[in-house]
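**Student:** Take this structure, written in structure tokens, and hold onto it; I'll ask about it next.
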Amino acid sequence: MAAPIVGFPRNAACIRGCLQLRWDTKRPSLYTLGFSKFVRSLSTSSTVQHDYDLVVVGGGSGGLACSKEAAQLGARVLVLDYVDPSPQGSRWGLGGCCVNVGCIPKKLMHHAALLGHAVQDSKKYGWNAHVDPTIDWTTLTTVVQQHVKSLNWGHRVQLKDKQVDYQNAKGSLLDPHTVRVVSANGKEKTVTASNIVLAVGGRPKYPDIPGAMEHAITSDDLFMLEKPPGKTLVIGASYVSLECAGFLTGLGFDTTVMIRSIPLRGFDRQMADLVTDHMEGSGTRFLRQHVPSAIDKTDSGQLQVTWRDGSGQEGQGTFDTVMMAVGRFANTGTLGLDTVGVEWYSESGKVIGREENPEQSSVPHIFAIGDILHGRPELTPVAIKAGRLLAHRLFAATREHMDYDKVPTTVFTPLEYGSVGLSEEAALERFGPDQVEIYHAFYKPLEYYIPERDASQCYIKAVCKRDGDQEIVGLHFLGPNAGEVTQGFAVALRSGLTYQQLASSVGIHPTCAEEVVKMGITKRSGLDPTVTGC
């Protein structure tokens, strides 16, 4: 079903139909924009006039995408964004988690770590690199933050160019069309809107143990630390934990990861184990089946962490930095969801969407996108796509909804892990062991040979249905540039790629990606899947 188009009178049905025939969802024409404004004017002519057609609460990737798209369609839009400082006092600007304390700074520091490895490798290729590389933390954080701030400014400029009103203020719901706005200086006012989109994202969790919030940092703080982290303990088994621990090790810091249960829950188990195997081989230590119980500051300024292992035995360790990466919670606590009757899960803080319209909350005219939407991937491109499509449904009478199936992602650990579709475990559970075929291969990237780098964990597998042409329902790639490799195959999987089509494709030689199309050995066969030549 299409999302409700708020405020449209019945006699606008024919206009909506005509508009949909002419709509190009990639780039609106002037004809379409004119019709969009005309339809919007009809929708408000017989209803209550509001201050805005759309108020977006949250200035992250999803909220900004939705607001700008709506403005291009002729809507009057207001964006409210305010970032509470972390317990350690870290603050940042417009753009949300991804821009400020997530994808962007993480990928830059991951790349910095890879460059250090490349300098080491270069010696085997004949480069006269006589001094082992060391990182200047101040330089690294300075250039990373400069880039982040340029993105903050760019978002402000884009909002202004698209005539989107922006306020550095908190928003909370008073009724289905009214938002309380509280500015940074405490001034309060109310605004009304035909539609409200909640896009406030999430924040890191802290475990309920003594000293955690007082002494530990999170990913909200890591990328802007003034001093090098030194010997670091990262607590958690999430992708945030492993990514940060991976680049800290690569930058030369003594790094340990504490895991309560399994790494990368929700990902393919075999791939997750290979990721951590590679990290251990690269110098990251792991404390498995361990749970922290307290963090204390010593007289020297270091942090003493007390923990219990799986058998209940107590242990301790001393670190310069302790980082929590034990999950995230939806930042919805101050939105006033209960005030207006929006259904949400108290445990996670996430908004419950409708089955036929996932972004629609239980209250008409109020929507949620991004990391606060229950049961949907917490990924920046997902929030952006969902926000844009929602804007089109609200202000251009389109019917396309976000497709949350087969969404690709990459974990930027030292050896990157890209995936799309079902894990092996999920496929076996859904279809049954007799109906699933797994093609796989261990391979060695060409560039690993001269520096004699270990490729034990470079691995690919395609999870296929066993019948017919064997539709591929999941693809998993562990190796260099996994994100770049996975993106293209994700398009193919969404288009119904089969193993027969994959195997009939010609690879690009010599690349890691060609090993995907060359896979020919199944797990069922029991044969060695190691690639031995061209």
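Chain lettering (A, B, ...) mirrors the order of the structure tokens, residue numbering begins at 1 for each chain separately, and ligand numbering begins at 1 in order of display.
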Give the alpha helix (DSSP H) residues of stretch 167-415 of chain A, as assigned by DSSP on the backbone, as a count of residues only.
**Tutor:** 53
**Student:** Extract, using only C-alpha atoms, all DNA, RNA and protein residues at most 6 Å from stretch 268-280 of chain A, discarding same-chain residues fewer than 3 positions from it, and format them as a list in words.
**Tutor:**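 What passes the distance filter is Leu264, Gly283, Thr284, Arg285, Ser423 and Gln457 of chain A.
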**Student:** Okay, now the selection with N, CA and C atoms, as a PDB file, in the first residue's frame?
**Tutor:**
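File out.pdb, as written:
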ATOM      1  N   LEU A 264      30.532  -9.951  15.742  1.00  0.00           N
ATOM      2  CA  LEU A 264      29.700  -9.622  14.579  1.00  0.00           C
ATOM      3  C   LEU A 264      28.394 -10.412  14.557  1.00  0.00           C
ATOM      4  N   GLY A 283      47.974  -8.773  15.214  1.00  0.00           N
ATOM      5  CA  GLY A 283      48.457  -8.180  16.453  1.00  0.00           C
ATOM      6  C   GLY A 283      47.412  -7.752  17.460  1.00  0.00           C
ATOM      7  N   THR A 284      46.134  -7.786  17.105  1.00  0.00           N
ATOM      8  CA  THR A 284      45.079  -7.441  18.059  1.00  0.00           C
ATOM      9  C   THR A 284      44.835  -8.631  18.985  1.00  0.00           C
ATOM     10  N   ARG A 285      44.836  -8.364  20.292  1.00  0.00           N
ATOM     11  CA  ARG A 285      44.556  -9.433  21.251  1.00  0.00           C
ATOM     12  C   ARG A 285      43.057  -9.497  21.551  1.00  0.00           C
ATOM     13  N   SER A 423      23.104 -14.820   5.263  1.00  0.00           N
ATOM     14  CA  SER A 423      24.238 -15.590   5.747  1.00  0.00           C
ATOM     15  C   SER A 423      23.982 -17.066   5.461  1.00  0.00           C
ATOM     16  N   GLN A 457      42.988 -15.913   5.467  1.00  0.00           N
ATOM     17  CA  GLN A 457      41.581 -15.564   5.677  1.00  0.00           C
ATOM     18  C   GLN A 457      40.930 -14.905   4.464  1.00  0.00           C
TER      19      GLN A 457
END
**Student:** Report as a ChimeraX atom specification all protein, DNA and RNA residues lying within 12 Å of stretch 311-314 of chain A, evaluated on only C-alpha atoms, omitting residues in the same chain fewer than 4 positions from it.
**Tutor:** /A:288-294,305-307
**Student:** Please write the residues from the selection above to a file, keeping N, CA, C and O atoms, as a PDB file, in the first residue's frame.
**Tutor:**
ATOM      1  N   ARG A 288      38.153 -13.414  25.099  1.00  0.00           N
ATOM      2  CA  ARG A 288      36.864 -13.993  24.731  1.00  0.00           C
ATOM      3  C   ARG A 288      36.139 -14.512  25.980  1.00  0.00           C
ATOM      4  O   ARG A 288      36.780 -14.961  26.939  1.00  0.00           O
ATOM      5  N   GLN A 289      34.805 -14.428  25.912  1.00  0.00           N
ATOM      6  CA  GLN A 289      33.963 -14.852  27.030  1.00  0.00           C
ATOM      7  C   GLN A 289      34.323 -14.082  28.302  1.00  0.00           C
ATOM      8  O   GLN A 289      34.326 -14.641  29.408  1.00  0.00           O
ATOM      9  N   HIS A 290      34.593 -12.798  28.146  1.00  0.00           N
ATOM     10  CA  HIS A 290      34.912 -11.931  29.270  1.00  0.00           C
ATOM     11  C   HIS A 290      33.879 -10.812  29.371  1.00  0.00           C
ATOM     12  O   HIS A 290      33.385 -10.323  28.348  1.00  0.00           O
ATOM     13  N   VAL A 291      33.586 -10.401  30.593  1.00  0.00           N
ATOM     14  CA  VAL A 291      32.629  -9.326  30.849  1.00  0.00           C
ATOM     15  C   VAL A 291      33.247  -8.350  31.844  1.00  0.00           C
ATOM     16  O   VAL A 291      33.720  -8.769  32.913  1.00  0.00           O
ATOM     17  N   PRO A 292      33.265  -7.038  31.537  1.00  0.00           N
ATOM     18  CA  PRO A 292      33.839  -6.080  32.485  1.00  0.00           C
ATOM     19  C   PRO A 292      32.925  -5.902  33.696  1.00  0.00           C
ATOM     20  O   PRO A 292      31.698  -5.973  33.579  1.00  0.00           O
ATOM     21  N   SER A 293      33.521  -5.667  34.853  1.00  0.00           N
ATOM     22  CA  SER A 293      32.723  -5.445  36.064  1.00  0.00           C
ATOM     23  C   SER A 293      33.008  -4.104  36.717  1.00  0.00           C
ATOM     24  O   SER A 293      32.187  -3.615  37.493  1.00  0.00           O
ATOM     25  N   ALA A 294      34.140  -3.475  36.403  1.00  0.00           N
ATOM     26  CA  ALA A 294      34.438  -2.158  36.985  1.00  0.00           C
ATOM     27  C   ALA A 294      35.614  -1.524  36.264  1.00  0.00           C
ATOM     28  O   ALA A 294      36.471  -2.220  35.689  1.00  0.00           O
ATOM     29  N   VAL A 305      40.927  -2.080  34.699  1.00  0.00           N
ATOM     30  CA  VAL A 305      39.669  -2.729  34.360  1.00  0.00           C
ATOM     31  C   VAL A 305      39.611  -4.088  35.050  1.00  0.00           C
ATOM     32  O   VAL A 305      40.547  -4.885  34.961  1.00  0.00           O
ATOM     33  N   THR A 306      38.514  -4.319  35.735  1.00  0.00           N
ATOM     34  CA  THR A 306      38.266  -5.613  36.371  1.00  0.00           C
ATOM     35  C   THR A 306      37.213  -6.356  35.554  1.00  0.00           C
ATOM     36  O   THR A 306      36.237  -5.756  35.098  1.00  0.00           O
ATOM     37  N   TRP A 307      37.423  -7.647  35.352  1.00  0.00           N
ATOM     38  CA  TRP A 307      36.486  -8.427  34.549  1.00  0.00           C
ATOM     39  C   TRP A 307      36.315  -9.837  35.116  1.00  0.00           C
ATOM     40  O   TRP A 307      37.060 -10.250  36.008  1.00  0.00           O
TER      41      TRP A 307
END
**Student:** May I have the residues within 12 Å of stretch 123-127 of chain A as a CSV table (one decimal) with N, CA, C and O atoms, in the first residue's frame, using only C-alpha atoms and disregarding those fewer than 4 positions away in the same chain?
**Tutor:**
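As written to disk, selection02.csv reads:
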chain,number,residue,atom,x,y,z
A,116,GLY,N,50.1,2.6,6.5
A,116,GLY,CA,51.3,2.1,7.2
A,116,GLY,C,51.7,0.8,6.8
A,116,GLY,O,53.0,0.5,6.6
A,117,HIS,N,50.8,-0.2,6.6
A,117,HIS,CA,51.1,-1.5,6.1
A,117,HIS,C,51.8,-1.4,4.7
A,117,HIS,O,52.7,-2.2,4.3
A,118,ALA,N,51.2,-0.5,3.8
A,118,ALA,CA,51.7,-0.4,2.5
A,118,ALA,C,53.2,0.1,2.5
A,118,ALA,O,54.0,-0.3,1.6
A,119,VAL,N,53.5,1.0,3.4
A,119,VAL,CA,54.9,1.4,3.5
A,119,VAL,C,55.8,0.2,3.8
A,119,VAL,O,56.9,0.1,3.3
A,131,VAL,N,63.1,3.8,7.4
A,131,VAL,CA,62.6,4.0,8.7
A,131,VAL,C,61.2,3.4,8.8
A,131,VAL,O,60.4,3.6,7.9
A,132,ASP,N,61.0,2.6,9.8
A,132,ASP,CA,59.6,2.0,10.0
A,132,ASP,C,58.7,3.2,10.3
A,132,ASP,O,58.9,4.1,11.1
A,133,PRO,N,57.5,3.1,9.7
A,133,PRO,CA,56.5,4.2,9.8
A,133,PRO,C,55.9,4.3,11.2
A,133,PRO,O,55.7,3.2,11.8
A,447,GLU,N,48.9,-9.0,-5.0
A,447,GLU,CA,49.8,-8.0,-4.4
A,447,GLU,C,50.4,-8.6,-3.0
A,447,GLU,O,51.3,-8.0,-2.4
A,448,TYR,N,49.9,-9.7,-2.6
A,448,TYR,CA,50.3,-10.3,-1.3
A,448,TYR,C,51.6,-11.1,-1.5
A,448,TYR,O,52.3,-11.4,-0.6
A,449,TYR,N,51.9,-11.6,-2.8
A,449,TYR,CA,52.9,-12.5,-3.0
A,449,TYR,C,54.3,-12.0,-2.7
A,449,TYR,O,55.1,-12.6,-2.0
A,450,ILE,N,54.7,-10.8,-3.3
A,450,ILE,CA,56.0,-10.3,-3.1
A,450,ILE,C,56.3,-9.9,-1.6
A,450,ILE,O,57.4,-10.3,-1.1
A,451,PRO,N,55.4,-9.2,-0.9
A,451,PRO,CA,55.7,-9.0,0.5
A,451,PRO,C,55.5,-10.2,1.4
A,451,PRO,O,55.7,-10.1,2.6
A,452,GLU,N,55.0,-11.3,0.8
A,452,GLU,CA,54.8,-12.5,1.5
A,452,GLU,C,53.8,-12.3,2.7
A,452,GLU,O,54.0,-12.8,3.8
A,453,ARG,N,52.7,-11.7,2.4
A,453,ARG,CA,51.6,-11.4,3.4
A,453,ARG,C,50.8,-12.7,3.5
A,453,ARG,O,50.5,-13.4,2.5
**Student:** Find the spatial neighbours of A:Pro105, counting only C-alpha atoms, within a cut-off of 9 Å - ignore same-chain residues fewer than 3 positions away - and output them as a PyMOL selection string.
**Tutor:** chain A and resi 98-102+108-110+141+144-145+147-148+223
**Student:** Would you save the residues of that selection, restricted to N, CA and C atoms, as a tab-separated table (two decimals), in the first residue's frame?
**Tutor:**
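The file below, result_5.tsv, is the result:
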chain	number	residue	atom	x	y	z
A	98	CYS	N	27.28	9.49	10.93
A	98	CYS	CA	28.15	9.05	9.83
A	98	CYS	C	29.23	10.07	9.52
A	99	VAL	N	28.83	11.30	9.36
A	99	VAL	CA	29.77	12.36	8.99
A	99	VAL	C	30.75	12.66	10.11
A	100	ASN	N	30.26	12.69	11.34
A	100	ASN	CA	31.05	13.22	12.44
A	100	ASN	C	31.80	12.18	13.26
A	101	VAL	N	31.14	11.09	13.59
A	101	VAL	CA	31.75	10.12	14.50
A	101	VAL	C	31.53	8.68	14.03
A	102	GLY	N	31.31	8.51	12.73
A	102	GLY	CA	31.03	7.17	12.21
A	102	GLY	C	31.79	6.89	10.94
A	108	LEU	N	38.60	6.98	7.13
A	108	LEU	CA	39.87	7.70	6.98
A	108	LEU	C	40.96	7.11	7.87
A	109	MET	N	40.60	6.77	9.10
A	109	MET	CA	41.60	6.19	9.99
A	109	MET	C	41.93	4.76	9.58
A	110	HIS	N	40.97	4.03	9.08
A	110	HIS	CA	41.22	2.70	8.52
A	110	HIS	C	42.21	2.81	7.36
A	141	THR	N	44.38	13.24	13.55
A	141	THR	CA	43.08	13.73	14.02
A	141	THR	C	42.78	15.12	13.48
A	144	VAL	N	41.64	14.76	9.81
A	144	VAL	CA	40.33	14.10	9.78
A	144	VAL	C	39.25	15.08	10.21
A	145	GLN	N	39.48	15.81	11.29
A	145	GLN	CA	38.48	16.76	11.77
A	145	GLN	C	38.30	17.93	10.80
A	147	HIS	N	38.41	17.67	7.59
A	147	HIS	CA	37.51	17.16	6.55
A	147	HIS	C	36.08	17.08	7.07
A	148	VAL	N	35.92	16.58	8.29
A	148	VAL	CA	34.58	16.50	8.88
A	148	VAL	C	33.92	17.87	8.94
A	223	PHE	N	37.55	9.77	17.62
A	223	PHE	CA	38.12	10.43	16.44
A	223	PHE	C	38.57	11.87	16.72
**Student:** Could you tell me which of A:Thr178, A:His440, A:Arg430, A:Pro445 comes closest to A:His509 if we count only C-alpha atoms?
**Tutor:**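 Closest candidate: A:Pro445.
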**Student:** Would you kindly return, as a short mmCIF file (atom, residue, chain, number, x, y, z; two decimals) with all heavy atoms, in the first residue's frame, each protein, DNA or RNA residue with an atom no farther than 10 Å from any atom of A:Gly93, considering only C-alpha atoms and excluding same-chain residues fewer than 5 positions away?
**Tutor:**
data_model
loop_
_atom_site.label_atom_id
_atom_site.label_comp_id
_atom_site.auth_asym_id
_atom_site.auth_seq_id
_atom_site.Cartn_x
_atom_site.Cartn_y
_atom_site.Cartn_z
N GLY A 59 19.36 16.01 12.09
CA GLY A 59 20.12 16.46 10.93
C GLY A 59 21.21 15.50 10.51
O GLY A 59 22.32 15.92 10.14
N GLY A 60 20.90 14.21 10.56
CA GLY A 60 21.84 13.21 10.05
C GLY A 60 21.60 12.94 8.57
O GLY A 60 20.86 13.67 7.90
N ASP A 81 18.17 20.23 14.49
CA ASP A 81 19.26 19.32 14.84
C ASP A 81 20.02 19.88 16.03
O ASP A 81 20.40 21.06 16.04
CB ASP A 81 20.22 19.14 13.66
CG ASP A 81 21.29 18.11 13.96
OD1 ASP A 81 20.94 16.94 14.16
OD2 ASP A 81 22.48 18.49 14.03
N TYR A 82 20.22 19.05 17.02
CA TYR A 82 21.00 19.43 18.19
C TYR A 82 21.69 18.19 18.73
O TYR A 82 21.06 17.13 18.87
CB TYR A 82 20.11 20.04 19.28
CG TYR A 82 20.89 20.53 20.48
CD1 TYR A 82 21.43 21.81 20.50
CD2 TYR A 82 21.10 19.69 21.57
CE1 TYR A 82 22.16 22.26 21.59
CE2 TYR A 82 21.84 20.13 22.66
CZ TYR A 82 22.37 21.41 22.67
OH TYR A 82 23.10 21.85 23.74
N VAL A 83 22.98 18.30 19.02
CA VAL A 83 23.76 17.17 19.51
C VAL A 83 24.11 17.39 20.97
O VAL A 83 24.84 18.33 21.31
CB VAL A 83 25.05 16.98 18.69
CG1 VAL A 83 25.86 15.81 19.24
CG2 VAL A 83 24.73 16.76 17.22
N VAL A 99 28.83 11.30 9.36
CA VAL A 99 29.77 12.36 8.99
C VAL A 99 30.75 12.66 10.11
O VAL A 99 31.95 12.84 9.88
CB VAL A 99 29.00 13.64 8.60
CG1 VAL A 99 29.93 14.85 8.55
CG2 VAL A 99 28.30 13.44 7.27
N ASN A 100 30.26 12.69 11.34
CA ASN A 100 31.05 13.22 12.44
C ASN A 100 31.80 12.18 13.26
O ASN A 100 32.97 12.39 13.60
CB ASN A 100 30.13 14.02 13.37
CG ASN A 100 29.60 15.27 12.72
OD1 ASN A 100 30.29 16.28 12.63
ND2 ASN A 100 28.35 15.23 12.26
N VAL A 148 35.92 16.58 8.29
CA VAL A 148 34.58 16.50 8.88
C VAL A 148 33.92 17.87 8.94
O VAL A 148 32.75 18.03 8.58
CB VAL A 148 34.65 15.87 10.29
CG1 VAL A 148 33.33 16.05 11.04
CG2 VAL A 148 35.00 14.38 10.19
N LYS A 149 34.67 18.87 9.38
CA LYS A 149 34.10 20.23 9.49
C LYS A 149 33.74 20.79 8.12
O LYS A 149 32.78 21.56 7.99
CB LYS A 149 35.08 21.14 10.22
CG LYS A 149 35.14 20.87 11.73
CD LYS A 149 36.13 21.76 12.42
CE LYS A 149 36.02 21.62 13.95
NZ LYS A 149 36.20 20.23 14.40
N LEU A 151 32.55 19.03 5.74
CA LEU A 151 31.26 18.40 5.44
C LEU A 151 30.13 19.06 6.23
O LEU A 151 29.03 19.25 5.71
CB LEU A 151 31.32 16.91 5.74
CG LEU A 151 32.32 16.09 4.91
CD1 LEU A 151 32.34 14.64 5.37
CD2 LEU A 151 32.00 16.17 3.42
N ASN A 152 30.41 19.40 7.51
CA ASN A 152 29.40 20.12 8.31
C ASN A 152 28.98 21.40 7.59
O ASN A 152 27.79 21.70 7.46
CB ASN A 152 29.98 20.50 9.68
CG ASN A 152 30.36 19.32 10.54
OD1 ASN A 152 31.28 19.42 11.35
ND2 ASN A 152 29.68 18.20 10.39
N TRP A 153 29.98 22.16 7.14
CA TRP A 153 29.71 23.42 6.45
C TRP A 153 28.96 23.17 5.14
O TRP A 153 28.02 23.89 4.79
CB TRP A 153 31.01 24.17 6.19
CG TRP A 153 30.83 25.42 5.40
CD1 TRP A 153 31.20 25.67 4.12
CD2 TRP A 153 30.19 26.63 5.85
NE1 TRP A 153 30.85 26.92 3.74
CE2 TRP A 153 30.23 27.55 4.78
CE3 TRP A 153 29.60 27.01 7.05
CZ2 TRP A 153 29.70 28.83 4.88
CZ3 TRP A 153 29.07 28.29 7.15
CH2 TRP A 153 29.13 29.18 6.07
N HIS A 155 26.89 20.81 4.41
CA HIS A 155 25.47 20.53 4.67
C HIS A 155 24.71 21.82 4.95
O HIS A 155 23.56 21.99 4.50
CB HIS A 155 25.34 19.57 5.85
CG HIS A 155 25.68 18.15 5.52
ND1 HIS A 155 25.14 17.48 4.45
CD2 HIS A 155 26.52 17.26 6.13
CE1 HIS A 155 25.61 16.25 4.41
NE2 HIS A 155 26.45 16.09 5.41
N ARG A 156 25.31 22.74 5.70
CA ARG A 156 24.64 24.01 5.98
C ARG A 156 24.37 24.77 4.68
O ARG A 156 23.29 25.33 4.47
CB ARG A 156 25.51 24.87 6.91
CG ARG A 156 25.71 24.32 8.30
CD ARG A 156 24.49 24.55 9.17
NE ARG A 156 24.25 25.96 9.42
CZ ARG A 156 24.75 26.63 10.45
NH1 ARG A 156 25.54 26.01 11.33
NH2 ARG A 156 24.46 27.91 10.62
N ASN A 168 19.56 25.05 14.96
CA ASN A 168 20.33 24.22 15.89
C ASN A 168 19.53 24.14 17.19
O ASN A 168 19.74 24.90 18.13
CB ASN A 168 21.70 24.83 16.13
CG ASN A 168 22.56 24.01 17.06
OD1 ASN A 168 23.37 24.55 17.80
ND2 ASN A 168 22.39 22.70 17.05
#
**Student:** Which residues come within 10 Å of A:Ser61, counting only C-alpha atoms, excluding same-chain residues fewer than 5 positions away, as a short mmCIF file (atom, residue, chain, number, x, y, z; two decimals) with all heavy atoms, in the first residue's frame?
**Tutor:**
data_model
loop_
_atom_site.label_atom_id
_atom_site.label_comp_id
_atom_site.auth_asym_id
_atom_site.auth_seq_id
_atom_site.Cartn_x
_atom_site.Cartn_y
_atom_site.Cartn_z
N CYS A 66 16.00 13.58 3.25
CA CYS A 66 14.55 13.75 3.17
C CYS A 66 14.18 15.22 3.04
O CYS A 66 13.33 15.59 2.22
CB CYS A 66 13.90 13.14 4.40
SG CYS A 66 12.10 13.18 4.40
N LEU A 94 26.55 19.62 12.18
CA LEU A 94 25.47 19.07 11.36
C LEU A 94 25.98 17.92 10.51
O LEU A 94 27.08 17.96 9.97
CB LEU A 94 24.92 20.19 10.47
CG LEU A 94 23.71 19.87 9.60
CD1 LEU A 94 22.49 19.55 10.45
CD2 LEU A 94 23.42 21.05 8.68
N GLY A 95 25.15 16.89 10.37
CA GLY A 95 25.52 15.76 9.51
C GLY A 95 25.31 14.41 10.15
O GLY A 95 25.37 13.39 9.47
N GLY A 96 25.11 14.38 11.46
CA GLY A 96 24.81 13.11 12.12
C GLY A 96 26.03 12.26 12.40
O GLY A 96 27.18 12.68 12.24
N CYS A 97 25.75 11.02 12.82
CA CYS A 97 26.81 10.10 13.23
C CYS A 97 27.79 9.81 12.11
O CYS A 97 29.00 9.88 12.29
CB CYS A 97 26.17 8.80 13.73
SG CYS A 97 27.33 7.44 14.00
N CYS A 98 27.28 9.49 10.93
CA CYS A 98 28.15 9.05 9.83
C CYS A 98 29.23 10.07 9.52
O CYS A 98 30.42 9.76 9.44
CB CYS A 98 27.31 8.77 8.59
SG CYS A 98 28.30 8.32 7.15
N VAL A 99 28.83 11.30 9.36
CA VAL A 99 29.77 12.36 8.99
C VAL A 99 30.75 12.66 10.11
O VAL A 99 31.95 12.84 9.88
CB VAL A 99 29.00 13.64 8.60
CG1 VAL A 99 29.93 14.85 8.55
CG2 VAL A 99 28.30 13.44 7.27
N HIS A 155 26.89 20.81 4.41
CA HIS A 155 25.47 20.53 4.67
C HIS A 155 24.71 21.82 4.95
O HIS A 155 23.56 21.99 4.50
CB HIS A 155 25.34 19.57 5.85
CG HIS A 155 25.68 18.15 5.52
ND1 HIS A 155 25.14 17.48 4.45
CD2 HIS A 155 26.52 17.26 6.13
CE1 HIS A 155 25.61 16.25 4.41
NE2 HIS A 155 26.45 16.09 5.41
N ALA A 199 14.22 11.59 12.72
CA ALA A 199 15.46 11.02 12.17
C ALA A 199 16.63 11.36 13.08
O ALA A 199 17.64 11.90 12.64
CB ALA A 199 15.70 11.56 10.76
N VAL A 200 16.47 11.03 14.36
CA VAL A 200 17.45 11.47 15.36
C VAL A 200 18.60 10.49 15.57
O VAL A 200 19.52 10.77 16.35
CB VAL A 200 16.76 11.74 16.71
CG1 VAL A 200 15.84 12.94 16.61
CG2 VAL A 200 15.97 10.51 17.18
N GLY A 201 18.58 9.36 14.90
CA GLY A 201 19.71 8.44 14.97
C GLY A 201 19.90 7.81 16.33
O GLY A 201 19.00 7.78 17.16
N GLY A 370 15.84 5.81 9.27
CA GLY A 370 17.20 5.63 9.77
C GLY A 370 17.30 4.69 10.94
O GLY A 370 16.52 3.75 11.10
N LEU A 379 22.18 1.64 8.60
CA LEU A 379 23.19 1.98 7.60
C LEU A 379 22.85 3.32 6.97
O LEU A 379 21.69 3.58 6.63
CB LEU A 379 23.26 0.90 6.52
CG LEU A 379 23.70 -0.50 6.98
CD1 LEU A 379 23.46 -1.52 5.88
CD2 LEU A 379 25.16 -0.49 7.39
N THR A 380 23.87 4.15 6.78
CA THR A 380 23.66 5.48 6.22
C THR A 380 22.96 5.47 4.86
O THR A 380 21.99 6.21 4.66
CB THR A 380 25.02 6.21 6.11
OG1 THR A 380 25.53 6.41 7.44
CG2 THR A 380 24.87 7.55 5.42
N PRO A 381 23.41 4.65 3.89
CA PRO A 381 22.72 4.67 2.59
C PRO A 381 21.26 4.25 2.68
O PRO A 381 20.44 4.70 1.87
CB PRO A 381 23.54 3.67 1.75
CG PRO A 381 24.86 3.59 2.42
CD PRO A 381 24.57 3.75 3.88
N VAL A 382 20.94 3.39 3.64
CA VAL A 382 19.55 2.98 3.84
C VAL A 382 18.71 4.17 4.29
O VAL A 382 17.62 4.43 3.77
CB VAL A 382 19.46 1.84 4.87
CG1 VAL A 382 18.00 1.58 5.26
CG2 VAL A 382 20.09 0.57 4.31
N ALA A 383 19.23 4.94 5.26
CA ALA A 383 18.50 6.12 5.75
C ALA A 383 18.32 7.15 4.64
O ALA A 383 17.25 7.76 4.51
CB ALA A 383 19.24 6.72 6.93
N ILE A 384 19.35 7.35 3.85
CA ILE A 384 19.27 8.32 2.76
C ILE A 384 18.22 7.92 1.74
O ILE A 384 17.37 8.72 1.33
CB ILE A 384 20.66 8.47 2.09
CG1 ILE A 384 21.65 9.14 3.05
CG2 ILE A 384 20.55 9.27 0.79
CD1 ILE A 384 23.07 9.17 2.55
N LYS A 385 18.28 6.66 1.31
CA LYS A 385 17.32 6.18 0.30
C LYS A 385 15.90 6.24 0.84
O LYS A 385 14.98 6.70 0.15
CB LYS A 385 17.68 4.75 -0.09
CG LYS A 385 16.85 4.16 -1.22
CD LYS A 385 17.23 4.79 -2.54
CE LYS A 385 16.56 4.07 -3.70
NZ LYS A 385 16.87 4.72 -5.00
N GLY A 387 14.71 8.15 3.18
CA GLY A 387 14.29 9.54 3.33
C GLY A 387 13.86 10.17 2.02
O GLY A 387 12.85 10.89 1.96
#
**Student:** Tell me which of A:Thr256, A:Ser348, A:Asn357, A:Gln72 sits closest to A:Gly317, counting only C-alpha atoms.
**Tutor:**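 Closest residue, counting only C-alpha atoms: A:Thr256.
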**Student:** Pick from A:Glu356, A:Asp161, A:Glu214, A:Asp338: nearest to A:Leu303, with only C-alpha atoms counted?
**Tutor:**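 Distance minimum relative to A:Leu303 lands on A:Glu214.
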**Student:** So the first atom is atom CA of A:Gly507 and the second is atom CA of A:Phe489; what is the distance between them in Å, to one decimal place?
**Tutor:**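 These atoms are spaced 12.5 Å apart.
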**Student:** So which one's closest to A:Gln167, A:Gly211, A:Gly58, A:Pro263, A:Pro228? Using only C-alpha atoms, please.
**Tutor:**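 Among the listed residues, the smallest separation from A:Gln167 belongs to A:Gly58.
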**Student:** Which parts of stretch 19-232 of chain A does DSSP call strand (DSSP E) when run on the backbone here, written out as an NGL selection string?
**Tutor:** :A and (52-57 or 77-80 or 165-167 or 169-175 or 178-183 or 188-198 or 202-204 or 232)
**Student:** To one decimal place in Å, what is the distance between atom CA of A:Phe477 and atom CA of A:Gln120?
**Tutor:**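 Interatomic distance, atom CA of A:Phe477 to atom CA of A:Gln120: 24.9 Å.
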